[in-house]
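The data block below is data.cif; it holds mmCIF, C-alpha atoms and all ligand atoms.
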data_run
loop_
_atom_site.label_atom_id
_atom_site.label_comp_id
_atom_site.auth_asym_id
_atom_site.auth_seq_id
_atom_site.Cartn_x
_atom_site.Cartn_y
_atom_site.Cartn_z
CA MET A 1 81.27 56.63 120.58
CA LYS A 2 83.94 57.55 118.09
CA PRO A 3 85.66 54.59 116.44
CA LYS A 4 88.91 53.54 118.05
CA LEU A 5 92.01 53.79 115.92
CA LYS A 6 95.22 51.94 115.22
CA ILE A 7 97.95 54.46 115.97
CA LEU A 8 101.72 54.47 115.60
CA ALA A 9 103.40 56.83 118.06
CA LEU A 10 106.57 58.09 116.38
CA PHE A 11 109.47 59.32 118.53
CA ASP A 12 112.97 60.48 117.83
CA ALA A 13 115.96 58.78 119.46
CA ILE A 14 119.45 60.12 120.10
CA ALA A 15 121.18 56.93 118.92
CA PRO A 16 120.40 54.24 116.32
CA THR A 17 117.38 52.03 117.09
CA THR A 18 115.79 48.81 115.88
CA LEU A 19 112.19 47.98 114.93
CA ASP A 20 111.45 46.11 118.15
CA GLN A 21 113.60 48.29 120.43
CA ASP A 22 112.54 48.09 124.09
CA LEU A 23 112.05 51.68 125.26
CA SER A 24 110.57 50.92 128.66
CA ALA A 25 113.64 52.23 130.54
CA GLU A 26 113.71 55.48 128.53
CA LEU A 27 109.98 56.00 128.99
CA LYS A 28 110.49 56.12 132.74
CA THR A 29 112.90 59.06 132.48
CA ASP A 30 112.13 62.76 132.57
CA ASP A 31 113.44 63.23 129.01
CA TRP A 32 110.69 60.95 127.72
CA LYS A 33 107.89 62.43 129.81
CA THR A 34 105.90 63.65 126.80
CA GLU A 35 106.16 60.29 125.05
CA ALA A 36 105.07 58.46 128.21
CA ASN A 37 102.16 60.88 128.76
CA ILE A 38 100.95 60.40 125.17
CA LEU A 39 101.11 56.58 125.34
CA ALA A 40 99.20 56.63 128.63
CA ALA A 41 96.55 58.91 127.12
CA LEU A 42 96.17 56.75 123.99
CA GLY A 43 95.68 53.77 126.31
CA GLU A 44 93.06 55.58 128.38
CA LEU A 45 91.25 56.58 125.21
CA GLY A 46 91.06 52.94 124.17
CA HIS A 47 93.07 53.24 120.97
CA THR A 48 95.29 50.40 119.76
CA PHE A 49 98.85 51.63 119.50
CA GLU A 50 102.49 50.77 119.02
CA HIS A 51 105.53 52.98 119.09
CA LEU A 52 108.71 53.42 117.12
CA ALA A 53 111.72 55.66 117.77
CA ILE A 54 113.94 56.63 114.85
CA PHE A 55 117.41 58.11 114.82
CA ASP A 56 118.60 58.37 111.20
CA ASP A 57 116.97 55.43 109.46
CA LEU A 58 113.83 56.23 107.49
CA ASP A 59 113.68 52.66 106.26
CA LEU A 60 112.69 51.58 109.77
CA LEU A 61 109.72 53.88 109.51
CA ARG A 62 108.82 52.54 106.06
CA GLN A 63 108.95 48.97 107.34
CA LYS A 64 106.84 49.83 110.37
CA ILE A 65 104.19 51.61 108.31
CA GLN A 66 104.08 48.61 105.98
CA SER A 67 103.85 45.93 108.65
CA TYR A 68 101.67 47.70 111.23
CA GLU A 69 99.45 49.66 108.79
CA PRO A 70 98.57 52.45 111.24
CA GLU A 71 95.52 54.59 110.54
CA LEU A 72 97.36 57.55 112.04
CA ILE A 73 100.85 58.48 113.16
CA PHE A 74 101.08 60.44 116.40
CA ASN A 75 104.11 62.49 115.49
CA LEU A 76 106.51 63.32 118.31
CA ALA A 77 109.67 63.08 116.18
CA ASP A 78 111.13 66.53 116.17
CA GLN A 79 114.70 65.76 115.29
CA PHE A 80 116.61 63.49 112.94
CA LYS A 81 120.24 62.47 113.54
CA ASN A 82 120.13 64.84 116.52
CA ASN A 83 119.33 67.73 114.20
CA ARG A 84 116.23 69.72 115.12
CA ALA A 85 116.17 71.47 111.75
CA PHE A 86 115.03 68.20 110.17
CA ASP A 87 111.60 67.92 111.82
CA GLN A 88 109.98 69.15 108.61
CA ASN A 89 111.81 66.51 106.58
CA ILE A 90 110.35 63.70 108.66
CA VAL A 91 106.91 65.19 108.14
CA SER A 92 107.57 65.56 104.39
CA TYR A 93 108.29 61.85 104.33
CA LEU A 94 104.98 61.12 106.06
CA GLU A 95 103.23 63.36 103.54
CA LEU A 96 104.78 61.35 100.69
CA HIS A 97 103.46 58.15 102.27
CA GLY A 98 99.98 59.61 102.51
CA VAL A 99 99.51 58.29 106.04
CA PRO A 100 97.59 60.73 108.28
CA PHE A 101 99.59 62.21 111.15
CA THR A 102 99.09 64.63 114.03
CA GLY A 103 100.24 68.22 114.18
CA CYS A 104 101.79 70.52 111.67
CA GLY A 105 102.66 69.78 108.05
CA SER A 106 106.00 70.45 106.40
CA THR A 107 105.19 73.95 105.13
CA GLY A 108 104.11 75.28 108.52
CA LEU A 109 107.09 73.70 110.26
CA THR A 110 109.46 75.21 107.70
CA LEU A 111 107.98 78.71 107.87
CA CYS A 112 107.96 78.81 111.67
CA LYS A 113 111.43 77.36 112.12
CA GLN A 114 113.04 80.11 110.02
CA LYS A 115 112.62 83.10 112.29
CA GLY A 116 113.38 85.58 109.51
CA ILE A 117 110.83 84.25 107.02
CA SER A 118 108.02 84.00 109.57
CA LYS A 119 108.61 87.62 110.59
CA LYS A 120 108.65 88.80 106.97
CA ILE A 121 105.31 87.13 106.27
CA LEU A 122 103.71 88.54 109.40
CA GLY A 123 105.25 92.00 108.95
CA TYR A 124 103.83 92.10 105.42
CA HIS A 125 100.39 91.47 106.93
CA ARG A 126 100.89 94.28 109.46
CA ILE A 127 101.37 92.16 112.53
CA ARG A 128 103.90 93.79 114.83
CA VAL A 129 107.27 92.04 114.72
CA PRO A 130 110.60 93.25 116.13
CA GLU A 131 112.94 94.94 113.62
CA PHE A 132 115.50 92.31 112.66
CA THR A 133 118.36 91.34 110.41
CA VAL A 134 119.64 87.93 109.37
CA ILE A 135 123.40 87.42 109.33
CA PRO A 136 124.40 84.34 107.31
CA ARG A 137 127.21 82.17 108.65
CA GLY A 138 130.59 83.21 107.38
CA LYS A 139 129.54 86.84 106.98
CA ARG A 140 131.02 89.52 109.18
CA GLN A 141 128.17 91.88 108.84
CA ALA A 142 127.95 95.00 110.96
CA ARG A 143 124.74 96.10 112.59
CA PRO A 144 122.43 97.86 110.10
CA LYS A 145 121.87 101.38 111.38
CA ARG A 146 118.07 100.97 111.43
CA LEU A 147 118.44 98.26 114.09
CA LYS A 148 118.43 100.00 117.47
CA PHE A 149 119.91 98.79 120.76
CA PRO A 150 119.26 96.85 122.87
CA ILE A 151 119.36 93.89 120.50
CA LEU A 152 118.93 90.18 121.05
CA VAL A 153 121.18 87.90 118.98
CA LYS A 154 119.77 84.39 118.40
CA PRO A 155 120.32 81.34 116.22
CA LEU A 156 118.09 81.71 113.14
CA LYS A 157 116.59 78.22 113.28
CA GLU A 158 116.73 76.90 116.82
CA GLU A 159 114.26 75.99 119.51
CA ALA A 160 114.08 75.55 123.26
CA SER A 161 116.33 78.63 123.68
CA TYR A 162 119.45 76.82 122.48
CA GLY A 163 122.14 79.46 122.11
CA ILE A 164 120.22 82.07 124.11
CA SER A 165 121.79 83.39 127.31
CA GLN A 166 122.08 86.74 129.07
CA ALA A 167 125.03 87.47 126.72
CA SER A 168 122.57 87.36 123.80
CA PHE A 169 121.34 90.75 124.99
CA VAL A 170 123.73 93.30 123.49
CA GLU A 171 123.95 97.05 123.87
CA THR A 172 127.02 98.03 121.87
CA ASP A 173 128.47 97.29 118.41
CA GLU A 174 131.37 95.52 120.08
CA GLN A 175 129.07 93.14 121.97
CA PHE A 176 126.98 92.67 118.85
CA LYS A 177 129.99 91.58 116.78
CA GLU A 178 131.24 89.27 119.52
CA ARG A 179 127.94 87.50 120.01
CA VAL A 180 127.29 87.07 116.27
CA GLN A 181 130.76 85.62 115.82
CA PHE A 182 130.37 83.36 118.86
CA LEU A 183 127.09 81.93 117.55
CA HIS A 184 128.42 81.48 114.02
CA GLU A 185 131.37 79.55 115.39
CA LYS A 186 129.47 77.54 117.95
CA THR A 187 126.49 76.54 115.83
CA GLY A 188 127.90 76.79 112.30
CA ASN A 189 124.59 78.35 111.38
CA ASP A 190 122.95 81.66 110.51
CA VAL A 191 122.03 84.21 113.13
CA ILE A 192 119.11 86.59 113.57
CA ALA A 193 119.48 89.85 115.49
CA GLU A 194 116.26 91.47 116.71
CA GLU A 195 115.44 94.63 118.56
CA TYR A 196 114.71 93.68 122.14
CA ILE A 197 111.03 94.21 122.97
CA GLU A 198 110.48 95.05 126.58
CA GLY A 199 107.24 93.70 127.96
CA ARG A 200 105.34 90.80 129.45
CA GLU A 201 106.18 87.39 128.02
CA LEU A 202 102.96 85.65 126.95
CA TYR A 203 102.33 82.16 125.61
CA VAL A 204 99.15 81.57 123.64
CA SER A 205 98.03 78.01 122.89
CA LEU A 206 95.76 77.26 119.94
CA LEU A 207 94.08 74.10 118.69
CA GLY A 208 92.42 73.45 115.33
CA ASN A 209 92.67 73.50 111.57
CA HIS A 210 89.95 75.75 110.21
CA ARG A 211 88.02 76.62 113.33
CA LEU A 212 90.55 77.60 115.95
CA GLN A 213 90.23 77.49 119.69
CA VAL A 214 92.44 79.79 121.77
CA PHE A 215 93.14 78.65 125.33
CA PRO A 216 93.74 80.88 128.37
CA ILE A 217 96.98 82.79 128.10
CA ARG A 218 100.06 81.75 130.07
CA GLU A 219 102.85 84.06 131.15
CA LEU A 220 106.45 83.63 132.17
CA VAL A 221 107.02 85.94 135.13
CA PHE A 222 110.48 87.03 136.28
CA GLN A 223 109.68 87.83 139.89
CA GLU A 224 113.17 88.29 141.31
CA VAL A 225 114.78 89.86 138.25
CA PRO A 226 115.34 93.59 138.96
CA PRO A 227 113.09 95.90 136.89
CA ASP A 228 115.93 97.42 134.84
CA GLU A 229 117.43 94.03 133.90
CA PRO A 230 116.54 92.30 130.62
CA LYS A 231 113.95 89.56 130.99
CA ILE A 232 114.67 86.73 128.61
CA ALA A 233 113.60 83.09 128.51
CA THR A 234 117.19 81.88 128.15
CA TYR A 235 118.17 78.22 128.04
CA LYS A 236 118.77 78.26 131.77
CA ALA A 237 115.53 80.12 132.41
CA LYS A 238 113.67 77.28 130.71
CA TRP A 239 115.48 74.18 131.84
CA ASP A 240 117.52 74.83 135.01
CA GLU A 241 115.30 74.45 138.10
CA GLU A 242 117.91 76.00 140.42
CA TYR A 243 118.21 79.05 138.22
CA ARG A 244 114.43 79.39 137.95
CA LYS A 245 114.15 79.35 141.71
CA ARG A 246 116.92 81.89 142.20
CA TRP A 247 115.33 84.43 139.83
CA GLY A 248 111.72 83.66 140.71
CA LEU A 249 110.82 82.46 137.22
CA GLN A 250 107.35 81.01 137.00
CA ASN A 251 105.03 79.89 134.23
CA ARG A 252 101.48 80.69 135.25
CA PHE A 253 98.22 82.07 133.87
CA ALA A 254 98.46 85.72 132.84
CA GLU A 255 96.65 87.89 135.33
CA GLY A 256 95.09 91.33 135.08
CA LEU A 257 95.00 91.61 131.29
CA ASP A 258 92.33 93.98 129.98
CA PRO A 259 89.60 91.80 128.38
CA ALA A 260 89.78 93.92 125.22
CA VAL A 261 93.51 93.21 125.00
CA VAL A 262 92.86 89.50 125.52
CA ARG A 263 90.44 89.54 122.58
CA GLN A 264 92.98 91.38 120.45
CA ILE A 265 95.66 88.84 121.38
CA GLU A 266 93.34 85.97 120.48
CA GLN A 267 92.47 87.49 117.09
CA THR A 268 96.11 88.26 116.34
CA CYS A 269 97.20 84.73 117.24
CA LYS A 270 94.53 83.19 115.01
CA ARG A 271 95.76 85.33 112.12
CA ILE A 272 99.36 84.33 112.83
CA TYR A 273 98.39 80.64 112.95
CA ARG A 274 96.69 80.87 109.56
CA LEU A 275 99.30 83.06 107.89
CA LEU A 276 102.05 80.62 108.88
CA THR A 277 99.90 77.68 107.68
CA ILE A 278 100.00 75.85 111.00
CA ASP A 279 97.93 72.67 111.42
CA GLY A 280 96.73 70.88 114.54
CA TYR A 281 98.08 72.73 117.54
CA ALA A 282 100.62 75.41 118.36
CA ARG A 283 101.89 77.80 120.99
CA ILE A 284 102.60 81.36 119.95
CA ASP A 285 105.04 83.45 121.96
CA LEU A 286 104.38 87.16 122.26
CA ARG A 287 105.58 90.22 124.09
CA LEU A 288 103.04 92.72 125.37
CA THR A 289 104.49 96.19 125.91
CA ALA A 290 103.44 98.62 128.64
CA ASN A 291 101.22 100.30 125.97
CA ASN A 292 99.51 97.00 125.21
CA GLU A 293 101.23 96.64 121.86
CA ILE A 294 101.33 93.00 120.84
CA TYR A 295 104.64 91.84 119.34
CA PHE A 296 105.13 88.46 117.71
CA ILE A 297 108.24 86.70 118.96
CA GLU A 298 107.88 83.17 117.71
CA ALA A 299 105.40 80.48 116.65
CA ASN A 300 105.89 76.94 117.90
CA PRO A 301 103.95 74.37 115.89
CA ASN A 302 103.92 70.98 117.66
CA PRO A 303 104.77 72.49 121.08
CA ILE A 304 105.74 70.17 123.91
CA LEU A 305 102.70 68.10 124.84
CA ALA A 306 103.73 66.88 128.29
CA ALA A 307 100.79 67.16 130.69
CA ASP A 308 102.61 69.68 132.91
CA GLU A 309 103.75 72.02 130.10
CA ASP A 310 102.06 75.30 129.11
CA PHE A 311 100.05 73.90 126.20
CA ALA A 312 98.27 71.16 128.16
CA GLN A 313 97.91 73.44 131.18
CA SER A 314 96.14 76.05 129.05
CA ALA A 315 93.84 73.43 127.52
CA ALA A 316 93.01 72.05 130.97
CA LYS A 317 92.08 75.54 132.15
CA ALA A 318 89.55 75.59 129.30
CA SER A 319 88.18 72.26 130.64
CA LEU A 320 89.86 70.19 127.96
CA LEU A 321 91.50 67.58 130.14
CA TYR A 322 94.58 65.69 129.02
CA PRO A 323 93.27 62.52 127.37
CA GLN A 324 90.50 64.53 125.65
CA LEU A 325 93.07 67.04 124.44
CA ILE A 326 95.12 64.20 122.97
CA ASP A 327 92.01 62.77 121.33
CA ARG A 328 91.22 66.15 119.76
CA ILE A 329 94.77 66.26 118.36
CA VAL A 330 94.31 62.71 117.02
CA ARG A 331 90.99 63.60 115.32
CA LEU A 332 92.43 66.79 113.85
CA GLY A 333 95.36 64.79 112.47
CA LEU A 334 92.96 62.35 110.86
CA ASN A 335 91.04 65.15 109.17
CA THR A 336 93.91 67.32 107.97
CA VAL A 337 94.19 67.60 104.20
CA ARG A 338 97.88 67.41 103.30
CA ASP A 339 99.11 68.54 99.95
N1 LIG B 1 112.94 90.37 120.07
C1 LIG B 1 112.86 89.95 121.33
N2 LIG B 1 112.57 90.82 122.33
C2 LIG B 1 112.49 90.41 123.62
N3 LIG B 1 112.72 89.14 124.00
C3 LIG B 1 113.00 88.22 123.06
C4 LIG B 1 113.07 88.56 121.68
N4 LIG B 1 113.38 87.45 120.99
C5 LIG B 1 113.50 86.46 121.90
N5 LIG B 1 113.28 86.92 123.15
C6 LIG B 1 113.35 86.16 124.40
O1 LIG B 1 114.09 84.96 124.16
C7 LIG B 1 113.23 83.83 124.30
C8 LIG B 1 113.57 82.78 123.28
O2 LIG B 1 113.46 83.31 121.99
P1 LIG B 1 112.78 82.49 120.82
O3 LIG B 1 112.91 83.27 119.57
O4 LIG B 1 111.42 82.09 121.22
O5 LIG B 1 113.75 81.22 120.71
P2 LIG B 1 113.45 79.66 120.89
O6 LIG B 1 112.90 79.21 119.57
O7 LIG B 1 114.78 79.06 121.17
O8 LIG B 1 112.43 79.51 121.99
C9 LIG B 1 111.82 84.37 124.17
O9 LIG B 1 110.91 83.53 124.82
C10 LIG B 1 111.98 85.73 124.85
O10 LIG B 1 112.02 85.62 126.26
MG MG B 2 110.46 80.34 121.97
#
Using the file provided, produce a representation of the structure as structure tokens.
Ligand SMILES: Nc1ncnc2c1ncn2[C@@H]1O[C@H](COP(=O)(O)OP(=O)(O)O)[C@@H](O)[C@H]1O
Ligand SMILES: [Mg+2]
Amino acid sequence: MKPKLKILALFDAIAPTTLDQDLSAELKTDDWKTEANILAALGELGHTFEHLAIFDDLDLLRQKIQSYEPELIFNLADQFKNNRAFDQNIVSYLELHGVPFTGCGSTGLTLCKQKGISKKILGYHRIRVPEFTVIPRGKRQARPKRLKFPILVKPLKEEASYGISQASFVETDEQFKERVQFLHEKTGNDVIAEEYIEGRELYVSLLGNHRLQVFPIRELVFQEVPPDEPKIATYKAKWDEEYRKRWGLQNRFAEGLDPAVVRQIEQTCKRIYRLLTIDGYARIDLRLTANNEIYFIEANPNPILAADEDFAQSAAKASLLYPQLIDRIVRLGLNTVRD
């Protein structure tokens, strides 16, 4: 039997918290499903654990680390002061403390969050990425001629499809300008415009640090979307159940892929994982064209760990059931060398 550990589960909160904050009401809600699933798994695994949610006060975290002396932090804090760009800063703080934690370190989080930099690194290493351009906030930059329509205009550093709707898909210079301006104004942040890659939308889950395990591939299918319409995992497509029903959107295991293509996808995703210096676990989003060309869309270190989300579903398909999956993530966190 592996030794049981003393673990601090770290969450983010959307409003200021205290050290002994009672989160039992929150943990019953859908928004806190992942947190609740993780606590239940840690309990089943026999670990000793406490939890802390932070909003904008790192001193709370310092106090908790000092008083509780956890052997590991299970890191589920992916925003700070409601800002999702700060996940890497929280992790940097943990790195300074020297306390082991689960998931990705600050370098991997930073590289993956910035959709331009991750594509430059991968493009340099000859992994297929969509042609793109970054348009800094405040700039009224026209479309570079090398960038061909249709184009998808996205926030440079967002997640969960924030700022992505059907209007993100643009086919003229007029639409391009409008959408860039809209995003600059709405988010106050930089924008990335990418050539739209038509193809199947695949999600590949990986676990590990040096030796990597790739789980069975998931796919988002757009059953009721007409063939000539763009197929995009917009904000609504991810989070609005009504909308998903109406358009027949379903996350399921990818069927009918040529085994040789599956192997190629697995190899490519392992390379991506290493090139972007990801630790622990990640989900990589790809597009597979009709010619079986594999395009990188995005890497998600620390993907959502709720038991019913793609990552845990993929692991379960590979016979790694939920509490065991969580234990593997715990052990990997314990053994990660942070620099
Ligand atoms: N270049 C592209 N070509 C085709 N579809 C894309 C492209 N970029 C993004 N998408 C679609 O938009 C979705 C969200 O984009 P993504 O970059 O993953 O943003 P987020 O980080 O918000 O998830 C993708 O899952 C995919 O459906
Ligand atoms: Mg994505």
Residues of range 63-166 of chain A at most 8 Å from range 14-27 of chain A: nearest atom pair and distance in Å, only C-alpha atoms, as a tab-separated table:
residue	atom	partner	partner_atom	distance
A:Lys64	CA	A:Leu19	CA	7.3
A:Lys81	CA	A:Ile14	CA	7.0
A:Asn82	CA	A:Ile14	CA	6.0
Original post:
Any idea what's packed within 12 Å of Tyr235 in chain A, counting only C-alpha atoms, ignoring anything in its chain fewer than 6 positions away? Could you give it as a PyMOL selection string?
Top reply: chain A and resi 154+158-168+241+243-244
Original post:
Which residue, A:Gly108, A:Pro216, A:Pro323, A:Pro144, has the smallest gap to Glu44 in chain A when you use all atoms listed in the file?
Top reply: A:Pro323
Subject >> CA of Pro130 in chain A to CA of Ile272 in chain A, straight-line distance in Å >> reply: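 If I compute the distance from CA of Ile272 in chain A to CA of Pro130 in chain A, I get 14.7 Å.
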Original post:
Any idea what the distance is between CA of Arg331 in chain A and CA of Ile297 in chain A?
Top reply: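 Atom-to-atom, CA of Arg331 in chain A to CA of Ile297 in chain A, that is 29.1 Å.
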Original post:
Please, which residues have at least one atom within 10 Å of an atom of ligand LIG 1 (chain B), using only C-alpha atoms and all ligand atoms, listed as a ChimeraX atom specification?
Top reply: /A:112-115,129-132,150-166,168-169,192-203,220,230-235,237-238,284-288,295-300
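For Asn209 in chain A, the residues within 8 Å (counting only C-alpha atoms, excluding itself and residues fewer than 3 positions away along the chain) are A:Leu212, A:Ile278, A:Asp279, A:Gly280, A:Leu332, A:Thr336.
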**OP:** Would you kindly return, as a PyMOL selection string, each protein, DNA or RNA residue with an atom no farther than 12 Å from any atom of range 33-38 of chain A, considering only C-alpha atoms and excluding same-chain residues fewer than 5 positions away?
**Re:** chain A and resi 7-13+23-28+43-45+47+49-53+74-78+302-309+311-312+322-327+329-330
Original post:
Counting all atoms listed in the file, which of A:Val221, A:Val204, A:Val337, A:Val170 gets nearest to ligand MG 2 (chain B)?
Top reply: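 Of A:Val221, A:Val204, A:Val337, A:Val170, the one nearest ligand MG 2 (chain B) is A:Val204, counting all atoms listed in the file.
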Show me, as a compact mmCIF listing (two decimals) with C-alpha atoms, in the frame of the given file, the residues that have an atom within 12 Å of Ile65 in chain A when counting all atoms listed in the file, minus same-chain residues fewer than 2 positions from it.
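Output file selection_17.txt is given in full below:
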# COMPACT_ATOMS: atom_id res chain seq x y z
CA LYS A 6 95.22 51.94 115.22
CA ILE A 7 97.95 54.46 115.97
CA LEU A 8 101.72 54.47 115.60
CA ALA A 9 103.40 56.83 118.06
CA LEU A 10 106.57 58.09 116.38
CA LEU A 19 112.19 47.98 114.93
CA GLU A 50 102.49 50.77 119.02
CA HIS A 51 105.53 52.98 119.09
CA LEU A 52 108.71 53.42 117.12
CA LEU A 58 113.83 56.23 107.49
CA ASP A 59 113.68 52.66 106.26
CA LEU A 60 112.69 51.58 109.77
CA LEU A 61 109.72 53.88 109.51
CA ARG A 62 108.82 52.54 106.06
CA GLN A 63 108.95 48.97 107.34
CA SER A 67 103.85 45.93 108.65
CA TYR A 68 101.67 47.70 111.23
CA GLU A 69 99.45 49.66 108.79
CA PRO A 70 98.57 52.45 111.24
CA GLU A 71 95.52 54.59 110.54
CA LEU A 72 97.36 57.55 112.04
CA ILE A 73 100.85 58.48 113.16
CA TYR A 93 108.29 61.85 104.33
CA LEU A 94 104.98 61.12 106.06
CA HIS A 97 103.46 58.15 102.27
CA GLY A 98 99.98 59.61 102.51
CA VAL A 99 99.51 58.29 106.04
CA PRO A 100 97.59 60.73 108.28
CA PHE A 101 99.59 62.21 111.15
**OP:** Measure the distance from CA of Thr102 in chain A to CA of Thr48 in chain A in Å and round it to one decimal.
**Re:**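 Separation between CA of Thr102 in chain A and CA of Thr48 in chain A: 15.8 Å.
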Subject >> Selected residue, from A:Asn89, A:Leu42, A:Pro259, A:Gly116, that lies nearest to Cys104 in chain A when counting all atoms listed in the file >> reply: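 So, comparing all the options, the nearest one is A:Asn89.
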